[in-house]
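Source file: query.cif. Holds: mmCIF, C-alpha atoms.
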data_query
#
loop_
_atom_site.label_atom_id
_atom_site.label_comp_id
_atom_site.auth_asym_id
_atom_site.auth_seq_id
_atom_site.Cartn_x
_atom_site.Cartn_y
_atom_site.Cartn_z
CA MET T 1 0.00 0.00 0.00
CA THR T 2 1.73 3.16 -1.14
CA PHE T 3 1.57 6.43 0.75
CA LYS T 4 -0.02 8.09 -2.29
CA ARG T 5 -2.87 5.58 -2.33
CA ILE T 6 -3.46 6.03 1.42
CA ALA T 7 -3.59 9.82 0.97
CA THR T 8 -6.14 9.51 -1.88
CA ILE T 9 -8.47 7.28 0.16
CA VAL T 10 -8.18 9.55 3.21
CA ILE T 11 -9.00 12.72 1.22
CA LEU T 12 -11.94 11.03 -0.54
CA SER T 13 -13.39 9.77 2.75
CA ILE T 14 -13.09 13.14 4.46
CA THR T 15 -14.84 14.77 1.49
CA LEU T 16 -17.58 12.13 1.61
CA VAL T 17 -18.15 12.53 5.35
CA GLY T 18 -17.96 16.30 4.86
CA ALA T 19 -21.18 16.12 2.88
CA ILE T 20 -23.09 14.61 5.82
CA PRO T 21 -23.91 17.89 7.62
CA PHE T 22 -25.36 19.42 4.44
CA ILE T 23 -27.47 16.35 3.56
CA SER T 24 -28.73 16.04 7.11
CA GLN T 25 -29.65 19.72 7.33
CA ALA T 26 -31.96 19.24 4.37
CA GLU T 27 -33.68 16.23 5.92
CA ARG T 28 -33.72 17.46 9.53
CA ASP T 29 -32.92 13.99 10.84
CA PRO T 30 -30.89 13.33 14.03
CA LEU T 31 -27.66 14.09 12.17
CA ALA T 32 -28.74 17.69 11.92
CA SER T 33 -28.84 18.38 15.65
CA GLU T 34 -26.47 21.22 16.32
CA LYS T 35 -26.62 21.00 20.10
CA PRO T 36 -26.59 17.85 22.24
CA GLU T 37 -30.21 16.95 22.95
CA THR T 38 -29.88 14.60 25.87
CA ALA T 39 -30.86 15.95 29.27
CA LEU T 40 -28.80 14.67 32.20
CA SER T 41 -31.77 13.94 34.42
CA MET T 42 -31.23 11.09 36.84
CA LYS T 43 -34.76 9.70 36.33
CA VAL T 44 -36.26 8.61 33.03
CA ASP T 45 -39.85 9.59 32.24
CA THR T 46 -41.63 6.23 31.80
CA LYS T 47 -45.09 7.58 30.86
CA LYS T 48 -44.74 7.11 27.12
CA LEU T 49 -42.64 3.94 27.23
CA SER T 50 -43.68 0.32 26.72
CA GLY T 51 -42.14 -3.13 26.34
CA ILE T 52 -38.37 -3.49 26.62
CA ASN T 53 -37.85 0.29 26.80
CA LEU T 54 -40.13 0.48 29.84
CA PHE T 55 -38.31 -2.45 31.46
CA ILE T 56 -34.90 -0.74 30.94
CA ALA T 57 -36.16 2.65 32.14
CA ARG T 58 -37.67 1.14 35.31
CA MET T 59 -34.46 -0.71 36.11
CA TYR T 60 -32.51 2.54 35.51
CA ASN T 61 -34.83 4.51 37.80
CA GLU T 62 -35.22 1.98 40.59
CA ASP T 63 -31.91 0.13 41.00
CA ARG T 64 -28.78 1.73 39.59
CA VAL T 65 -26.51 -1.09 40.83
CA LEU T 66 -28.63 -3.67 39.02
CA TYR T 67 -28.60 -1.46 35.91
CA ALA T 68 -24.79 -1.15 36.01
CA THR T 69 -24.33 -4.89 36.56
CA THR T 70 -26.74 -5.67 33.71
CA VAL T 71 -24.97 -3.26 31.33
CA THR T 72 -21.55 -4.76 32.13
CA LEU T 73 -22.76 -8.36 31.83
CA VAL T 74 -24.72 -7.72 28.62
CA MET T 75 -21.69 -6.07 27.01
CA ALA T 76 -19.41 -8.94 28.06
CA VAL T 77 -21.76 -11.73 26.93
CA LEU T 78 -22.80 -10.00 23.71
CA GLY T 79 -19.20 -9.04 22.90
CA THR T 80 -18.05 -12.63 23.33
CA THR T 81 -20.98 -14.12 21.40
CA LEU T 82 -20.70 -11.72 18.46
CA ALA T 83 -16.93 -12.23 18.31
CA PHE T 84 -17.46 -15.99 18.25
CA ILE T 85 -20.02 -15.79 15.43
CA THR T 86 -17.88 -13.37 13.39
CA ASP T 87 -14.90 -15.64 13.90
CA LEU T 88 -16.88 -18.57 12.46
CA VAL T 89 -17.90 -16.49 9.44
CA LEU T 90 -14.30 -15.34 8.86
CA LYS T 91 -13.10 -18.95 9.12
CA ALA T 92 -15.67 -19.99 6.54
CA LEU T 93 -14.30 -17.23 4.27
CA GLY T 94 -10.81 -18.67 4.69
CA LEU T 95 -9.57 -16.00 7.10
CA GLU T 96 -8.60 -18.30 9.93
CA VAL T 97 -5.85 -17.15 12.29
CA SER T 98 -3.20 -19.10 14.15
CA LYS T 99 0.13 -18.24 15.81
CA ILE T 100 1.92 -15.73 13.57
CA SER T 101 5.56 -14.86 13.03
CA HIS T 102 6.17 -11.26 14.01
CA ARG T 103 7.47 -9.53 10.88
CA GLU T 104 8.51 -5.92 11.06
CA MET Y 1 -33.19 7.35 7.09
CA ASN Y 2 -36.11 7.66 9.54
CA VAL Y 3 -37.04 3.99 9.10
CA PHE Y 4 -33.94 3.08 11.06
CA ASN Y 5 -34.51 5.60 13.85
CA ILE Y 6 -34.88 4.01 17.27
CA TYR Y 7 -35.82 5.53 20.59
CA LEU Y 8 -33.13 5.40 23.28
CA PRO Y 9 -35.02 5.25 26.58
CA VAL Y 10 -32.24 6.32 28.95
CA ALA Y 11 -30.83 9.17 26.85
CA GLY Y 12 -34.38 10.14 25.84
CA ILE Y 13 -33.59 10.78 22.16
CA GLU Y 14 -34.17 9.16 18.78
CA PHE Y 15 -31.06 7.95 17.00
CA ASN Y 16 -30.29 6.26 13.70
CA ALA Y 17 -29.41 2.59 14.25
CA ILE Y 18 -27.43 2.33 10.99
CA LEU Y 19 -25.30 5.28 12.04
CA LEU Y 20 -24.61 3.61 15.40
CA ILE Y 21 -23.64 0.30 13.76
CA SER Y 22 -21.41 2.14 11.24
CA ILE Y 23 -19.60 4.14 13.93
CA GLY Y 24 -19.18 0.91 15.91
CA PHE Y 25 -17.85 -1.00 12.90
CA CYS Y 26 -15.25 1.67 12.02
CA VAL Y 27 -14.01 1.96 15.57
CA GLY Y 28 -13.97 -1.83 15.95
CA VAL Y 29 -11.74 -2.26 12.89
CA LEU Y 30 -9.35 0.42 14.18
CA GLY Y 31 -9.39 -1.02 17.70
CA GLY Y 32 -8.55 -4.55 16.60
CA PHE Y 33 -5.90 -3.39 14.14
CA PHE Y 34 -4.11 -0.68 16.13
CA GLY Y 35 -4.75 -1.84 19.72
CA VAL Y 36 -6.69 1.28 20.67
CA GLY Y 37 -10.11 1.78 22.25
CA GLY Y 38 -11.16 4.47 19.80
CA GLY Y 39 -12.87 6.67 22.37
CA TRP Y 40 -11.35 9.72 20.68
CA ILE Y 41 -13.50 8.92 17.63
CA VAL Y 42 -16.75 7.64 19.15
CA THR Y 43 -17.18 10.18 21.97
CA PRO Y 44 -17.05 13.32 19.76
CA ALA Y 45 -19.06 11.55 17.03
CA LEU Y 46 -21.92 10.67 19.41
CA ASN Y 47 -21.76 14.15 20.93
CA ILE Y 48 -22.00 15.86 17.55
CA PHE Y 49 -24.92 13.63 16.52
CA GLY Y 50 -26.96 14.51 19.63
CA PHE Y 51 -25.68 12.70 22.73
CA HIS Y 52 -24.84 14.64 25.87
CA MET Y 53 -21.07 14.40 26.48
CA ALA Y 54 -21.41 12.33 29.69
CA PHE Y 55 -23.67 9.79 27.93
CA ALA Y 56 -21.32 9.74 24.94
CA ILE Y 57 -18.33 8.84 27.14
CA GLY Y 58 -20.19 6.22 29.19
CA THR Y 59 -21.78 4.55 26.16
CA ASP Y 60 -18.46 4.58 24.33
CA LEU Y 61 -16.61 2.96 27.24
CA SER Y 62 -19.23 0.18 27.40
CA ASN Y 63 -18.79 -0.41 23.69
CA ILE Y 64 -14.99 -0.47 24.05
CA PHE Y 65 -15.30 -3.13 26.76
CA GLY Y 66 -17.55 -5.35 24.62
CA GLN Y 67 -15.57 -5.03 21.38
CA THR Y 68 -12.17 -5.56 23.03
CA ILE Y 69 -13.07 -8.96 24.55
CA GLY Y 70 -13.20 -10.61 21.13
CA ALA Y 71 -10.15 -8.69 19.86
CA VAL Y 72 -8.06 -9.79 22.86
CA LYS Y 73 -9.12 -13.41 22.32
CA LYS Y 74 -8.08 -13.25 18.67
CA HIS Y 75 -4.72 -11.60 19.40
CA GLN Y 76 -4.09 -14.21 22.11
CA LYS Y 77 -4.64 -16.91 19.47
CA MET Y 78 -2.05 -15.23 17.21
CA GLY Y 79 0.49 -15.03 20.06
CA ASN Y 80 0.30 -11.23 20.15
CA ILE Y 81 -0.23 -10.73 23.87
CA ASP Y 82 2.41 -10.36 26.57
CA TRP Y 83 0.23 -10.75 29.68
CA LYS Y 84 3.07 -10.02 32.11
CA LEU Y 85 3.81 -6.69 30.46
CA GLY Y 86 0.11 -5.94 30.05
CA LEU Y 87 -0.62 -6.44 33.75
CA ILE Y 88 2.39 -4.30 34.78
CA SER Y 89 1.13 -1.64 32.40
CA ILE Y 90 -2.35 -1.63 33.99
CA ALA Y 91 -0.99 -1.39 37.57
CA THR Y 92 1.51 1.37 36.80
CA SER Y 93 -0.72 3.36 34.48
CA ILE Y 94 -3.30 3.80 37.27
CA VAL Y 95 -0.70 5.68 39.37
CA GLY Y 96 0.27 7.84 36.39
CA LEU Y 97 -3.38 8.45 35.57
CA GLU Y 98 -4.01 9.77 39.08
CA LEU Y 99 -0.99 12.09 38.82
CA GLY Y 100 -2.17 13.39 35.45
CA SER Y 101 -5.71 14.08 36.66
CA ASP Y 102 -4.31 15.75 39.83
CA LEU Y 103 -2.33 18.10 37.59
CA ILE Y 104 -5.49 18.92 35.64
CA ILE Y 105 -7.37 19.76 38.84
CA ALA Y 106 -4.47 21.99 39.96
CA LEU Y 107 -4.37 23.74 36.57
CA GLU Y 108 -8.15 24.24 36.57
CA LYS Y 109 -7.76 26.63 39.50
CA ALA Y 110 -5.38 28.73 37.41
CA GLY Y 111 -7.70 29.23 34.42
CA ASP Y 112 -8.99 27.60 31.22
CA VAL Y 113 -7.23 24.27 31.28
CA GLY Y 114 -9.11 22.98 28.20
CA LEU Y 115 -7.12 25.15 25.81
CA VAL Y 116 -3.78 24.02 27.30
CA VAL Y 117 -4.79 20.36 27.18
CA ARG Y 118 -5.86 20.63 23.54
CA TRP Y 119 -2.54 22.28 22.56
CA CYS Y 120 -0.65 19.46 24.30
CA TYR Y 121 -2.93 16.84 22.70
CA MET Y 122 -2.40 18.36 19.26
CA PHE Y 123 1.38 18.49 19.53
CA LEU Y 124 1.50 14.97 20.99
CA LEU Y 125 -0.50 13.60 18.04
CA TRP Y 126 1.52 15.49 15.44
CA GLY Y 127 4.85 14.87 17.15
CA LEU Y 128 4.22 11.15 17.54
CA GLY Y 129 2.78 10.85 14.04
CA SER Y 130 5.71 12.68 12.43
CA TYR Y 131 8.24 10.61 14.36
CA MET Y 132 6.55 7.37 13.27
CA LEU Y 133 6.32 8.55 9.67
CA HIS Y 134 10.01 9.53 9.68
CA ASP Y 135 10.90 6.15 11.21
CA TYR Y 136 8.89 4.38 8.49
CA PHE Y 137 10.64 6.10 5.57
CA ASP Y 138 14.02 5.82 7.28
CA SER Y 139 13.62 2.07 7.74
CA ARG Y 140 12.34 1.57 4.19
CA GLN Y 141 15.47 3.28 2.88
CA LYS Y 142 17.63 0.99 5.00
CA VAL Y 143 15.73 -2.09 3.83
CA SER Y 144 16.13 -1.15 0.16
CA ALA Y 145 19.84 -0.51 0.76
CA THR Y 146 20.14 -3.96 2.38
CA ASP Y 147 18.14 -5.51 -0.46
CA SER Y 148 20.46 -4.05 -3.07
CA ARG Y 149 23.46 -5.48 -1.19
CA ASN Y 150 22.11 -8.89 -0.15
CA GLY Y 151 19.25 -9.44 -2.59
CA ALA Y 152 15.55 -8.89 -1.96
CA GLY Y 153 13.66 -10.55 0.86
CA GLU Y 154 15.58 -9.15 3.83
CA GLU Y 155 13.34 -7.63 6.45
CA ALA Y 156 14.16 -5.00 9.04
CA LYS Y 157 14.85 -6.92 12.21
CA GLN Y 158 16.37 -4.18 14.33
CA ARG Y 159 14.57 -2.67 17.29
CA PRO Y 160 13.90 1.09 17.18
CA LYS Y 161 17.02 3.10 18.15
CA LEU Y 162 15.32 4.70 21.14
CA SER Y 163 14.44 1.36 22.72
CA GLU Y 164 18.00 0.06 22.08
CA ARG Y 165 19.33 3.04 24.06
CA LEU Y 166 16.85 2.51 26.88
CA HIS Y 167 17.74 -1.20 27.05
CA ARG Y 168 21.34 -0.21 27.85
CA ILE Y 169 20.18 1.30 31.18
CA SER Y 170 20.93 -1.53 33.60
CA ILE Y 171 19.65 -0.42 37.00
CA PRO Y 172 18.67 -3.60 38.89
CA PRO Y 173 16.37 -5.44 39.31
CA MET Y 174 16.22 -6.61 35.71
CA ILE Y 175 13.17 -8.26 34.19
CA SER Y 176 12.57 -10.36 31.06
CA PHE Y 177 9.51 -10.65 28.85
CA PRO Y 178 9.94 -13.91 26.90
CA ALA Y 179 6.58 -13.51 25.12
CA SER Y 180 7.89 -10.29 23.55
CA GLY Y 181 11.45 -11.55 23.05
CA ILE Y 182 12.84 -9.00 25.54
CA GLU Y 183 15.68 -10.13 27.77
CA GLY Y 184 17.08 -8.37 30.84
CA VAL Y 185 15.62 -4.88 30.92
CA SER Y 186 15.55 -2.62 33.99
CA ILE Y 187 12.17 -2.79 35.71
CA TRP Y 188 12.56 0.89 36.65
CA MET Y 189 12.60 1.83 33.00
CA ILE Y 190 9.41 -0.18 32.37
CA LEU Y 191 7.66 1.40 35.37
CA LEU Y 192 8.75 4.89 34.33
CA ILE Y 193 7.42 4.39 30.78
CA PHE Y 194 4.00 3.22 31.98
CA LEU Y 195 3.91 5.96 34.60
CA PHE Y 196 4.43 8.43 31.74
CA THR Y 197 1.76 6.86 29.47
CA GLY Y 198 -0.69 6.78 32.42
CA PHE Y 199 0.14 10.39 33.26
CA MET Y 200 -0.53 11.48 29.67
CA SER Y 201 -3.86 9.58 29.68
CA GLY Y 202 -4.92 11.31 32.90
CA PHE Y 203 -3.73 14.70 31.71
CA LEU Y 204 -5.37 14.50 28.28
CA GLY Y 205 -8.46 12.65 29.50
CA VAL Y 206 -8.13 9.81 26.97
CA GLY Y 207 -8.13 6.01 27.28
CA GLY Y 208 -4.47 5.81 26.39
CA GLY Y 209 -4.35 3.01 23.81
CA PHE Y 210 -2.90 5.38 21.20
CA ILE Y 211 -0.11 6.34 23.61
CA ILE Y 212 0.62 2.84 24.94
CA MET Y 213 0.91 1.13 21.54
CA PRO Y 214 3.74 3.37 20.19
CA ALA Y 215 5.38 3.43 23.64
CA LEU Y 216 5.54 -0.38 23.60
CA VAL Y 217 7.12 -0.33 20.13
CA TYR Y 218 9.49 2.64 20.34
CA LEU Y 219 10.43 2.68 24.04
CA ILE Y 220 10.25 -0.98 25.09
CA GLY Y 221 11.00 -2.49 21.67
CA LEU Y 222 8.09 -4.89 21.21
CA PRO Y 223 7.25 -6.24 17.75
CA THR Y 224 4.33 -4.14 16.45
CA ALA Y 225 1.78 -6.99 16.47
CA VAL Y 226 2.64 -7.84 20.11
CA ALA Y 227 2.37 -4.13 21.01
CA VAL Y 228 -1.11 -4.05 19.46
CA GLY Y 229 -2.28 -7.14 21.41
CA THR Y 230 -0.70 -6.06 24.70
CA SER Y 231 -2.12 -2.55 24.39
CA LEU Y 232 -5.57 -4.11 24.00
CA VAL Y 233 -5.20 -5.80 27.41
CA THR Y 234 -4.91 -2.34 29.02
CA VAL Y 235 -7.81 -1.07 26.91
CA LEU Y 236 -9.95 -4.06 28.00
CA PHE Y 237 -9.41 -3.38 31.70
CA SER Y 238 -9.99 0.37 31.44
CA GLY Y 239 -13.09 -0.30 29.32
CA ALA Y 240 -14.53 -2.75 31.88
CA TYR Y 241 -13.91 -0.34 34.74
CA GLY Y 242 -15.26 2.62 32.76
CA CYS Y 243 -18.38 0.67 31.71
CA LEU Y 244 -19.25 -0.27 35.32
CA THR Y 245 -18.48 3.10 36.90
CA TYR Y 246 -20.31 5.16 34.25
CA ALA Y 247 -23.31 2.82 34.39
CA LEU Y 248 -23.43 3.22 38.18
CA LYS Y 249 -23.57 6.97 37.66
CA GLY Y 250 -26.39 6.42 35.15
CA ARG Y 251 -24.41 7.65 32.17
CA VAL Y 252 -24.61 4.61 29.87
CA GLU Y 253 -27.33 4.33 27.24
CA ILE Y 254 -27.62 0.53 27.11
CA VAL Y 255 -29.68 0.32 23.89
CA ALA Y 256 -27.19 2.48 21.97
CA ALA Y 257 -24.25 0.54 23.42
CA VAL Y 258 -25.75 -2.80 22.38
CA ILE Y 259 -26.52 -1.63 18.82
CA MET Y 260 -23.07 -0.08 18.44
CA LEU Y 261 -21.51 -3.31 19.72
CA ILE Y 262 -23.04 -5.28 16.83
CA GLY Y 263 -20.90 -3.29 14.39
CA ALA Y 264 -17.93 -2.99 16.74
CA SER Y 265 -17.60 -6.72 17.44
CA ILE Y 266 -17.61 -7.57 13.75
CA GLY Y 267 -15.17 -4.72 13.06
CA ALA Y 268 -12.83 -5.75 15.87
CA GLN Y 269 -12.60 -9.30 14.49
CA VAL Y 270 -11.88 -7.99 11.00
CA GLY Y 271 -9.26 -5.54 12.32
CA SER Y 272 -7.55 -8.18 14.46
CA THR Y 273 -7.46 -10.63 11.55
CA ALA Y 274 -5.83 -7.95 9.35
CA VAL Y 275 -2.84 -7.83 11.75
CA LYS Y 276 -1.94 -11.33 10.49
CA TYR Y 277 -1.47 -10.02 6.96
CA VAL Y 278 0.14 -6.61 7.46
CA LYS Y 279 3.80 -6.22 8.42
CA GLY Y 280 4.70 -4.23 11.54
CA TYR Y 281 5.87 -1.20 9.57
CA GLY Y 282 2.64 -1.15 7.58
CA ILE Y 283 0.64 -0.96 10.83
CA ARG Y 284 2.87 1.85 12.05
CA LEU Y 285 2.53 3.80 8.78
CA LEU Y 286 -1.26 3.70 8.91
CA PHE Y 287 -1.24 4.54 12.61
CA SER Y 288 0.95 7.60 12.04
CA VAL Y 289 -1.29 8.89 9.22
CA MET Y 290 -4.33 8.36 11.44
CA ILE Y 291 -3.01 10.27 14.45
CA ILE Y 292 -1.72 13.16 12.32
CA LEU Y 293 -5.24 13.55 10.88
CA ALA Y 294 -6.72 13.23 14.38
CA GLY Y 295 -4.38 16.09 15.36
CA PHE Y 296 -5.98 18.24 12.63
CA SER Y 297 -9.39 17.46 14.09
CA VAL Y 298 -8.21 18.64 17.53
CA ALA Y 299 -6.80 21.80 15.87
CA ILE Y 300 -10.21 22.55 14.28
CA GLU Y 301 -11.86 21.92 17.67
CA GLN Y 302 -9.40 24.42 19.15
CA VAL Y 303 -10.48 27.01 16.56
CA TYR Y 304 -14.10 26.35 17.57
CA LYS Y 305 -13.30 26.93 21.25
CA ILE Y 306 -11.61 30.21 20.40
CA THR Y 307 -14.16 31.52 17.85
CA GLN Y 308 -17.30 29.77 19.24
CA ASN Y 309 -18.38 29.17 15.63
CA GLN Y 310 -20.41 25.91 15.51
CA VAL Y 311 -19.22 25.11 11.96
CA PHE Y 312 -15.73 24.35 13.24
CA GLN Y 313 -17.04 21.85 15.78
CA THR Y 314 -19.00 20.05 13.07
CA TYR Y 315 -15.93 19.93 10.85
CA ALA Y 316 -13.73 18.63 13.66
CA GLY Y 317 -16.14 15.69 13.84
CA VAL Y 318 -16.18 15.36 10.06
CA VAL Y 319 -12.38 15.10 9.85
CA LEU Y 320 -12.37 12.57 12.68
CA MET Y 321 -15.12 10.41 11.16
CA GLY Y 322 -13.55 10.72 7.71
CA THR Y 323 -10.23 9.56 9.12
CA ALA Y 324 -11.84 6.61 10.90
CA MET Y 325 -13.80 5.63 7.82
CA SER Y 326 -10.86 5.88 5.42
CA MET Y 327 -8.56 3.93 7.72
CA SER Y 328 -11.17 1.18 8.06
CA VAL Y 329 -11.50 1.00 4.27
CA ILE Y 330 -7.71 0.76 3.86
CA ILE Y 331 -7.43 -1.97 6.52
CA ILE Y 332 -10.25 -4.06 4.99
CA ALA Y 333 -8.87 -3.58 1.45
CA THR Y 334 -5.42 -4.70 2.63
CA LEU Y 335 -6.91 -7.72 4.40
CA VAL Y 336 -8.88 -8.80 1.34
CA ALA Y 337 -5.95 -8.27 -1.07
CA ASP Y 338 -3.40 -10.08 1.12
CA ALA Y 339 -5.76 -12.95 1.93
CA ARG Y 340 -6.40 -13.41 -1.79
CA LYS Y 341 -2.65 -13.41 -2.49
CA GLU Y 342 -2.11 -16.02 0.23
CA ARG Y 343 -4.86 -18.21 -1.19
CA ASN Y 344 -3.36 -17.97 -4.68
CA ARG Y 345 0.08 -18.92 -3.34
CA ALA Y 346 -1.43 -21.90 -1.50
CA SER Y 347 -3.28 -23.10 -4.61
CA ILE Y 348 -0.05 -22.89 -6.72
CA LYS Y 349 1.76 -25.07 -4.14
#

Rewrite the structure from the file as structure tokens, please.
Amino acid sequence: MTFKRIATIVILSITLVGAIPFISQAERDPLASEKPETALSMKVDTKKLSGINLFIARMYNEDRVLYATTVTLVMAVLGTTLAFITDLVLKALGLEVSKISHRE
Amino acid sequence: MNVFNIYLPVAGIEFNAILLISIGFCVGVLGGFFGVGGGWIVTPALNIFGFHMAFAIGTDLSNIFGQTIGAVKKHQKMGNIDWKLGLISIATSIVGLELGSDLIIALEKAGDVGLVVRWCYMFLLWGLGSYMLHDYFDSRQKVSATDSRNGAGEEAKQRPKLSERLHRISIPPMISFPASGIEGVSIWMILLIFLFTGFMSGFLGVGGGFIIMPALVYLIGLPTAVAVGTSLVTVLFSGAYGCLTYALKGRVEIVAAVIMLIGASIGAQVGSTAVKYVKGYGIRLLFSVMIILAGFSVAIEQVYKITQNQVFQTYAGVVLMGTAMSMSVIIIATLVADARKERNRASIK
């Protein structure tokens, strides 16, 4: 990979991403928000929520330790599971890894 | 775009799921390939797209924790992790981190510390990036000179000059790291290096992966792939701690973190796999380009802080996201091309 090629890809990507603010301003979707919208309230308003969102919001409001433990465990389990599945897919594509020689 | 909008109950906003998965994927690829957490990309990106800063940091740290588990496992499989060095790094960095944050608190009393920190951050990124770039071209010249003398195929096997000099310091007790191929180095030197990297993390308010990885290569003399894997061990522990502590303070948006993790886990596996195919100097070249561009993003952010013109803040994010995206594309393209070459070689045999 030459330095010239890297520079071309970098410039093209920055230009591409540079278009995002203009596109989003036209559509007024979440990309267009100029100021952070989230309020830092310690309690979530559960009136309009239902299903899984209500369950999460209640846990967040009522037991912060349980919420923190759940977040940490979910991230660990999901991270491991997704990594395992991706690994299987990569193996099937012939991208299996084993001990490598460290070439500089 | 609105079809993919989902409501995030804790943060109380609507957010585009595809955008979350894309940010996660890019940062996952970079994390697995460079041994960094990528908080310096995700946090400003989430903030610009509508998250409050505290939620952006907490959600990002949770994502880092999840994505790094798989990356560490993969690097372990490739023999890229020096656990002994990694654990020393975690223990020592904590002390340095405390010192760095203490300095910030002391400076805060004197005035606007943010401007000073950003100047330091900018010069660190540019300084480190330029040094790595110079080292890359310098070594390539040496390799081509060796090739012309001895025939092609010779690879640079020497450690960086700086680490050679530091290895000559022989203040006992001495310690060895067989997994990294390092024999008899002063433990004081190792502790001092990690104290410094921890201090810089605390001072700049960053996770530190992008400081630890080059420090492991240029100061301790680790092969680049081992530096990437070992750096990820530190990132994993800081991510786990950050995830728990921010969630306890109610600053993690679990739905966003889970969605982002879908992209990040896949990306981290792809990035880690790419390390198998790219030589150490290739990793360092891409890393140096990436941090120099990240330095430009910090410079634009600095202009925003001075002028208070919102356009500059948006463009700081644009440069950062563009850099992350382009680096991910380069890494994936390299992985695909090299894997194809390897397959062709195998089929000829």

I need the chain Y residues near chain T as a PDB file with C-alpha atoms, keeping the file's coordinate frame; criterion: at most 6 Å, counting only C-alpha atoms.
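Result saved to part.pdb:
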ATOM      1  CA  PRO Y   9     -35.020   5.250  26.580  1.00  0.00           C
ATOM      2  CA  ALA Y  11     -30.830   9.170  26.850  1.00  0.00           C
ATOM      3  CA  PHE Y  49     -24.920  13.630  16.520  1.00  0.00           C
ATOM      4  CA  GLY Y  50     -26.960  14.510  19.630  1.00  0.00           C
ATOM      5  CA  PHE Y  51     -25.680  12.700  22.730  1.00  0.00           C
ATOM      6  CA  HIS Y  52     -24.840  14.640  25.870  1.00  0.00           C
ATOM      7  CA  GLY Y  66     -17.550  -5.350  24.620  1.00  0.00           C
ATOM      8  CA  GLN Y  67     -15.570  -5.030  21.380  1.00  0.00           C
ATOM      9  CA  GLY Y  70     -13.200 -10.610  21.130  1.00  0.00           C
ATOM     10  CA  LYS Y  77      -4.640 -16.910  19.470  1.00  0.00           C
ATOM     11  CA  MET Y  78      -2.050 -15.230  17.210  1.00  0.00           C
ATOM     12  CA  GLY Y  79       0.490 -15.030  20.060  1.00  0.00           C
ATOM     13  CA  LEU Y 244     -19.250  -0.270  35.320  1.00  0.00           C
ATOM     14  CA  ALA Y 247     -23.310   2.820  34.390  1.00  0.00           C
ATOM     15  CA  LEU Y 248     -23.430   3.220  38.180  1.00  0.00           C
ATOM     16  CA  SER Y 265     -17.600  -6.720  17.440  1.00  0.00           C
ATOM     17  CA  ILE Y 266     -17.610  -7.570  13.750  1.00  0.00           C
ATOM     18  CA  LYS Y 279       3.800  -6.220   8.420  1.00  0.00           C
ATOM     19  CA  GLY Y 280       4.700  -4.230  11.540  1.00  0.00           C
ATOM     20  CA  TYR Y 281       5.870  -1.200   9.570  1.00  0.00           C
ATOM     21  CA  VAL Y 318     -16.180  15.360  10.060  1.00  0.00           C
ATOM     22  CA  VAL Y 319     -12.380  15.100   9.850  1.00  0.00           C
ATOM     23  CA  GLY Y 322     -13.550  10.720   7.710  1.00  0.00           C
ATOM     24  CA  SER Y 326     -10.860   5.880   5.420  1.00  0.00           C
TER      25      SER Y 326
END

For the interface of segment 134-203 of chain Y with segment 91-100 of chain Y (cut-off 9 Å, counting all atoms listed in the file), please tabulate each contacting residue of segment 134-203 of chain Y alongside its nearest pair of atoms and their separation in Å to one decimal, rows sorted by chain and increasing number, as a Markdown table.
| residue | atom | partner | partner_atom | distance |
| --- | --- | --- | --- | --- |
| Y:Leu191 | CA | Y:Thr92 | CA | 6.3 |
| Y:Leu192 | CA | Y:Thr92 | CA | 8.4 |
| Y:Ile193 | CA | Y:Thr92 | CA | 9.0 |
| Y:Phe194 | CA | Y:Ser93 | CA | 5.3 |
| Y:Leu195 | CA | Y:Gly96 | CA | 4.5 |
| Y:Phe196 | CA | Y:Gly96 | CA | 6.3 |
| Y:Thr197 | CA | Y:Ser93 | CA | 6.6 |
| Y:Gly198 | CA | Y:Ser93 | CA | 4.0 |
| Y:Phe199 | CA | Y:Gly96 | CA | 4.0 |
| Y:Met200 | CA | Y:Gly100 | CA | 6.3 |
| Y:Ser201 | CA | Y:Leu97 | CA | 6.0 |
| Y:Gly202 | CA | Y:Leu97 | CA | 4.2 |
| Y:Phe203 | CA | Y:Gly100 | CA | 4.3 |

message: Translate the PyMOL selection byres ((chain Y and resi 170) around 10) into a concrete residue list for this structure, as a PyMOL selection string.
response: chain Y and resi 166-169+171-174+184-189

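With distances restricted to all atoms listed in the file, Y:Leu87 is the closest residue to Ile190 of chain Y from Y:Met290, Y:Pro223, Y:Val113, Y:Leu87.
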
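Here atom CA of Ala54 of chain Y is placed at a distance of 8.4 Å from atom CA of Val252 of chain Y.
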
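Interatomic distance, atom CA of Val270 of chain Y against atom CA of Leu320 of chain Y: 20.6 Å.
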
message: Show me, as a list of chain:residue names, the residues that have an atom within 12 Å of Phe312 of chain Y when counting all atoms listed in the file, minus same-chain residues fewer than 4 positions from it.
response: T:Gly18, T:Pro21, T:Glu34, Y:Ile48, Y:Phe296, Y:Ser297, Y:Val298, Y:Ala299, Y:Ile300, Y:Glu301, Y:Gln302, Y:Val303, Y:Tyr304, Y:Lys305, Y:Ile306, Y:Thr307, Y:Gln308, Y:Ala316, Y:Gly317, Y:Val318, Y:Val319

- request: Figure out the distance between atom CA of Ala264 of chain Y and atom CA of Asn63 of chain Y, please, to one decimal in Å.
  value: 7.5 Å

task: Could you list the residues chosen by the PyMOL selection byres ((chain Y and resi 274) around 9) in this structure as a VMD selection string?
output: chain Y and resid 29 32 to 33 269 to 273 275 to 278 331 to 332 334 to 336 338 to 339

Nearest to Ser22 of chain Y by atom-to-atom distance, counting only C-alpha atoms, from Y:Val42, Y:Val10, Y:Leu115, Y:Leu61: Y:Val42
